[in-house]
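Report on the structure given below.
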Amino acid sequence: MKNHADIIIVGAGIIGVLQAYALQKRGLDILVIDSATGPGMEVSYANAGQLSFGYSGPWATPGLLKKLPDMLANPATPLRIRPDWSMEGLYRQLQWLYWFTLNTSRKNFERNKRRILNLSKYSAKYSRQLLAETGIEFSNRSLGTLQLFRDQRLFDTASNNDVEPLRKADVAVQVLDAEGCIKQEPALARIHANIVGGFLFEEDWTGDCYILACALVKRLTANGVRFLFNTPIAAVEVGKIAYGVRTGGNLFYSANAIILATGPLTRKLTDPLGLLAPVYPVRGYSITADIIDEAKAVQSTVLDEKIKVAITRLDHRVRLGGTAEIGGFNRDTFPKRYQILLSALEALFPGSADLKTGVEPWLGLRPMTPDGTAIIGKTVIPNLYLNLGHGTLGFTQAAGSAEHLARVISGEAVELDPSDYELERYGKRYQNHALYHESASVSV
């Protein structure tokens, strides 16, 4: 394999793979490098299976600070904080949580929600284009997401506060009563008495992110894109510009531009360069099981608003995704978190899936930013670009993020405001370019 490319992409999750797709269409020579054994092996592997173009928003919401004691003490809360007791880990956790709390003001929440919705809607356009161009099947359906309410107070609050802003943002959302929810998801008729109402996000999809990533890699490889797996990156090499990467085996690959699509591992590469990319790993859980009774099963995605669990149909399988833990890189699993997922399935679609054999539990590290918005675009180091930090919306926003950055790199007209997504939105202190000089060579 030659050691030069027009563009090197570090990371072969759905973000990196779709970035390669967008750039390869522009005739560029692309090399994708990843430490895993294949594409989509980290957070893309078993996410909730939603493309939530309408149901998108930041986690840092007004009023969240009142819930912090519960998030620390209650093992059943949807968002849990588990202190990282290592010295460096606790410092970074507290640092990120401080930035996160700054985004809970009403002003910041509204700004962040606008940015996230704009990117999600943009991504819907290019996701449709992707399917039209490739025809790839990835257990995909386009039946919408049903946000289900079993609590009258929650439903009334959401109806009064959320619906009109969504419609002003051109999000296709219907407010449904219990009968409307059952019409959308017939199997819910068995729990009719427990349903208060729901919101139907009509343009949302479902699908298996891992299947899509693998199919795209096969297609891209046939079209000349090179993929290098089992290859950890030790350093990004920079002088006055970024000019290459060095692997753990001390091999060097040069490029005209480098894109980091490295998710929660980003700071290991960017901190030594003076780029403080505020991305933190947030643990997310899922369970995938076979459907055994079609009449009792979910048809698209149902999101239980009370406990924040998504139940998604993937052909003959159902995936339960949800709960989150702000707890660092620790991959220890906690059975109670899986039990929350199973309880949601039994509460809404009892008897629909085989939960005794063939159940696949999974834990992934979602790359979260404090404001909930992805970091996409240039940095103060010429030729070094970022496409990361999408949190729970990586699958949703991948196609749009890739198209936007491809336009930035190619010098084409952009449809999104670059300043909404670049690292520089966090302030100059996050990009300490005083470190850069012609002979710089930074290693981890």
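Chain labels A, B, ... are given in the sequence in which chains occur in the structure tokens; within each chain residues are numbered consecutively from 1, and ligands are likewise numbered from 1 in the order shown.
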
- Query: Hey, what's within 10 Å of region 22-29 of chain A if we count only C-alpha atoms and toss same-chain stuff fewer than 2 positions away? As a PyMOL selection string, please?
  - Reply: chain A and resi 4-8+16-20+31+126+130+220+223-226+255+399-407+409-410

Among region 209-241 of chain A, which residues carry a DSSP assignment of alpha helix (DSSP H), reported as a PDB file with N, CA and C atoms, in the first residue's frame?
```pdb
ATOM      1  N   CYS A 209     -26.962   0.535  11.539  1.00  0.00           N
ATOM      2  CA  CYS A 209     -25.803   1.354  11.194  1.00  0.00           C
ATOM      3  C   CYS A 209     -24.607   0.491  10.789  1.00  0.00           C
ATOM      4  N   TYR A 210     -24.389  -0.610  11.482  1.00  0.00           N
ATOM      5  CA  TYR A 210     -23.241  -1.473  11.200  1.00  0.00           C
ATOM      6  C   TYR A 210     -23.347  -2.100   9.813  1.00  0.00           C
ATOM      7  N   ILE A 211     -24.550  -2.572   9.445  1.00  0.00           N
ATOM      8  CA  ILE A 211     -24.743  -3.156   8.116  1.00  0.00           C
ATOM      9  C   ILE A 211     -24.442  -2.128   7.036  1.00  0.00           C
ATOM     10  N   LEU A 212     -24.905  -0.896   7.238  1.00  0.00           N
ATOM     11  CA  LEU A 212     -24.657   0.159   6.265  1.00  0.00           C
ATOM     12  C   LEU A 212     -23.171   0.455   6.145  1.00  0.00           C
ATOM     13  N   ALA A 213     -22.470   0.560   7.269  1.00  0.00           N
ATOM     14  CA  ALA A 213     -21.039   0.853   7.238  1.00  0.00           C
ATOM     15  C   ALA A 213     -20.272  -0.223   6.478  1.00  0.00           C
ATOM     16  N   CYS A 214     -20.582  -1.489   6.747  1.00  0.00           N
ATOM     17  CA  CYS A 214     -19.887  -2.598   6.071  1.00  0.00           C
ATOM     18  C   CYS A 214     -20.163  -2.594   4.569  1.00  0.00           C
ATOM     19  N   ALA A 215     -21.413  -2.360   4.184  1.00  0.00           N
ATOM     20  CA  ALA A 215     -21.764  -2.344   2.764  1.00  0.00           C
ATOM     21  C   ALA A 215     -21.078  -1.191   2.042  1.00  0.00           C
ATOM     22  N   LEU A 216     -20.986  -0.038   2.698  1.00  0.00           N
ATOM     23  CA  LEU A 216     -20.318   1.104   2.087  1.00  0.00           C
ATOM     24  C   LEU A 216     -18.823   0.866   1.929  1.00  0.00           C
ATOM     25  N   VAL A 217     -18.190   0.227   2.898  1.00  0.00           N
ATOM     26  CA  VAL A 217     -16.757  -0.066   2.787  1.00  0.00           C
ATOM     27  C   VAL A 217     -16.497  -0.998   1.607  1.00  0.00           C
ATOM     28  N   LYS A 218     -17.345  -1.984   1.435  1.00  0.00           N
ATOM     29  CA  LYS A 218     -17.193  -2.890   0.297  1.00  0.00           C
ATOM     30  C   LYS A 218     -17.306  -2.127  -1.018  1.00  0.00           C
ATOM     31  N   ARG A 219     -18.265  -1.230  -1.109  1.00  0.00           N
ATOM     32  CA  ARG A 219     -18.469  -0.438  -2.318  1.00  0.00           C
ATOM     33  C   ARG A 219     -17.302   0.533  -2.544  1.00  0.00           C
ATOM     34  N   LEU A 220     -16.861   1.183  -1.474  1.00  0.00           N
ATOM     35  CA  LEU A 220     -15.777   2.149  -1.595  1.00  0.00           C
ATOM     36  C   LEU A 220     -14.462   1.476  -1.972  1.00  0.00           C
ATOM     37  N   THR A 221     -14.214   0.312  -1.406  1.00  0.00           N
ATOM     38  CA  THR A 221     -12.996  -0.427  -1.730  1.00  0.00           C
ATOM     39  C   THR A 221     -12.960  -0.754  -3.221  1.00  0.00           C
ATOM     40  N   ALA A 222     -14.102  -1.160  -3.761  1.00  0.00           N
ATOM     41  CA  ALA A 222     -14.187  -1.455  -5.198  1.00  0.00           C
ATOM     42  C   ALA A 222     -13.932  -0.216  -6.044  1.00  0.00           C
TER      43      ALA A 222
END
```

- Task: Tell me which protein, DNA and RNA residues are within 8 Å of region 199-205 of chain A, counting only C-alpha atoms, leaving out same-chain ones fewer than 4 positions away, and put them as a PyMOL selection string.
- Result: chain A and resi 50-55+140-148+171-176+300

Write the residues of the preceding selection, restricted to N, CA and C atoms, as a compact mmCIF listing (two decimals), in the first residue's frame.
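The resulting again11.txt:
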```
# COMPACT_ATOMS: atom_id res chain seq x y z
N GLN A 50 -31.75 4.45 15.09
CA GLN A 50 -32.62 5.56 14.69
C GLN A 50 -31.88 6.54 13.81
N LEU A 51 -32.56 7.03 12.79
CA LEU A 51 -32.14 8.22 12.08
C LEU A 51 -33.16 9.28 12.43
N SER A 52 -32.85 10.03 13.46
CA SER A 52 -33.83 10.90 14.12
C SER A 52 -33.72 12.33 13.57
N PHE A 53 -34.14 12.51 12.35
CA PHE A 53 -34.01 13.82 11.72
C PHE A 53 -34.89 14.86 12.40
N GLY A 54 -36.00 14.45 12.99
CA GLY A 54 -36.89 15.38 13.68
C GLY A 54 -36.69 15.36 15.19
N TYR A 55 -36.50 14.16 15.75
CA TYR A 55 -36.33 14.04 17.19
C TYR A 55 -34.84 14.24 17.51
N ASN A 140 -33.57 -1.03 6.76
CA ASN A 140 -34.10 0.32 6.89
C ASN A 140 -35.59 0.40 6.61
N ARG A 141 -36.25 1.25 7.37
CA ARG A 141 -37.66 1.57 7.21
C ARG A 141 -37.83 3.08 7.39
N SER A 142 -38.86 3.63 6.79
CA SER A 142 -39.10 5.08 6.89
C SER A 142 -40.52 5.33 7.37
N LEU A 143 -40.81 4.81 8.57
CA LEU A 143 -42.16 4.90 9.14
C LEU A 143 -42.27 5.91 10.28
N GLY A 144 -41.19 6.60 10.59
CA GLY A 144 -41.25 7.62 11.62
C GLY A 144 -40.90 7.11 13.01
N THR A 145 -40.74 8.06 13.92
CA THR A 145 -40.51 7.77 15.34
C THR A 145 -41.72 8.22 16.14
N LEU A 146 -42.21 7.35 17.00
CA LEU A 146 -43.31 7.69 17.90
C LEU A 146 -42.73 7.96 19.29
N GLN A 147 -42.81 9.21 19.72
CA GLN A 147 -42.42 9.57 21.08
C GLN A 147 -43.65 9.36 21.95
N LEU A 148 -43.60 8.34 22.78
CA LEU A 148 -44.79 7.88 23.52
C LEU A 148 -44.78 8.42 24.94
N VAL A 171 -40.02 20.91 11.15
CA VAL A 171 -40.01 19.50 11.51
C VAL A 171 -41.43 18.96 11.38
N ALA A 172 -41.59 17.88 10.63
CA ALA A 172 -42.90 17.27 10.44
C ALA A 172 -43.26 16.45 11.67
N VAL A 173 -44.12 17.01 12.54
CA VAL A 173 -44.50 16.34 13.77
C VAL A 173 -46.01 16.39 13.94
N GLN A 174 -46.61 15.25 14.29
CA GLN A 174 -48.04 15.18 14.59
C GLN A 174 -48.22 14.92 16.07
N VAL A 175 -49.23 15.56 16.67
CA VAL A 175 -49.61 15.27 18.05
C VAL A 175 -50.75 14.25 18.00
N LEU A 176 -50.55 13.13 18.67
CA LEU A 176 -51.50 12.03 18.61
C LEU A 176 -52.12 11.78 19.98
N SER A 300 -41.75 0.37 13.88
CA SER A 300 -40.70 1.34 13.55
C SER A 300 -39.89 1.61 14.81
```

- Message: Here is a test: counting only C-alpha atoms, which residue of A:Leu228, A:Leu97, A:Ala344, A:Leu131 is nearest to Ser35 (chain A)?
- Response: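 That would be A:Leu228, the residue with the smallest distance to Ser35 (chain A).
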
- Could you check how far CA of Ile340 (chain A) sits from CA of Thr323 (chain A), in Å to one decimal? 7.9 Å

- Task: Mind listing the strand (DSSP E or B) residues of region 195-356 of chain A, per DSSP on the backbone, as an MDAnalysis selection string?
- Result: chainID A and resid 197:201 205:206 226:228 233:238 242:247 252:260 275 280:291 301:304 309:314 317:326 353

Output C-alpha atoms of each residue in that selection to a file, as a compact mmCIF listing (two decimals), in the first residue's frame.
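Written file, out_36.txt:
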```txt
# COMPACT_ATOMS: atom_id res chain seq x y z
CA GLY A 197 -50.58 10.45 23.81
CA GLY A 198 -47.57 10.87 21.59
CA PHE A 199 -45.67 12.82 18.98
CA LEU A 200 -45.07 11.26 15.59
CA PHE A 201 -41.91 12.46 13.82
CA TRP A 205 -36.10 6.34 9.75
CA THR A 206 -34.79 3.16 11.31
CA ARG A 226 -8.05 2.23 0.75
CA PHE A 227 -8.90 0.99 4.25
CA LEU A 228 -6.22 0.11 6.77
CA ILE A 233 -2.63 6.01 15.25
CA ALA A 234 0.10 7.19 17.60
CA ALA A 235 0.42 10.77 16.39
CA VAL A 236 -0.70 13.40 13.95
CA GLU A 237 2.38 14.99 12.44
CA VAL A 238 2.27 18.78 12.10
CA ALA A 242 -0.72 18.94 9.23
CA TYR A 243 1.08 16.63 6.82
CA GLY A 244 0.67 13.04 7.98
CA VAL A 245 0.01 10.44 10.67
CA ARG A 246 2.27 7.99 12.41
CA THR A 247 0.98 4.58 13.44
CA PHE A 252 4.27 7.10 8.41
CA TYR A 253 1.47 8.02 5.99
CA SER A 254 1.43 11.47 4.41
CA ALA A 255 -1.54 13.40 3.03
CA ASN A 256 -2.61 16.76 1.69
CA ALA A 257 -5.29 16.89 4.41
CA ILE A 258 -6.18 14.88 7.52
CA ILE A 259 -9.64 14.35 9.00
CA LEU A 260 -10.11 13.05 12.53
CA LEU A 275 -6.35 21.56 20.28
CA TYR A 280 -16.18 13.07 26.37
CA PRO A 281 -17.20 9.39 26.33
CA VAL A 282 -20.76 8.75 27.51
CA ARG A 283 -21.61 5.08 27.91
CA GLY A 284 -24.73 3.90 26.12
CA TYR A 285 -26.38 0.47 26.29
CA SER A 286 -28.37 -1.62 23.85
CA ILE A 287 -29.87 -5.09 23.57
CA THR A 288 -30.76 -6.81 20.29
CA ALA A 289 -33.16 -9.78 20.24
CA ASP A 290 -35.10 -11.83 17.73
CA ILE A 291 -38.80 -11.13 17.23
CA THR A 301 -39.25 3.16 16.58
CA VAL A 302 -41.11 3.90 19.79
CA LEU A 303 -39.35 6.15 22.27
CA ASP A 304 -40.65 5.84 25.81
CA VAL A 309 -35.56 4.07 25.94
CA ALA A 310 -35.89 3.55 22.18
CA ILE A 311 -37.44 0.33 20.88
CA THR A 312 -36.55 -0.09 17.21
CA ARG A 313 -37.53 -2.61 14.54
CA LEU A 314 -34.69 -4.00 12.41
CA ARG A 317 -34.99 -8.20 15.19
CA VAL A 318 -35.77 -5.58 17.82
CA ARG A 319 -33.16 -3.30 19.34
CA LEU A 320 -33.57 -1.61 22.71
CA GLY A 321 -31.29 1.39 23.12
CA GLY A 322 -30.99 3.97 25.85
CA THR A 323 -29.71 5.00 29.24
CA ALA A 324 -26.46 6.90 29.50
CA GLU A 325 -23.59 7.09 31.97
CA ILE A 326 -21.10 9.90 32.23
CA ALA A 353 -39.14 -10.95 21.41
```
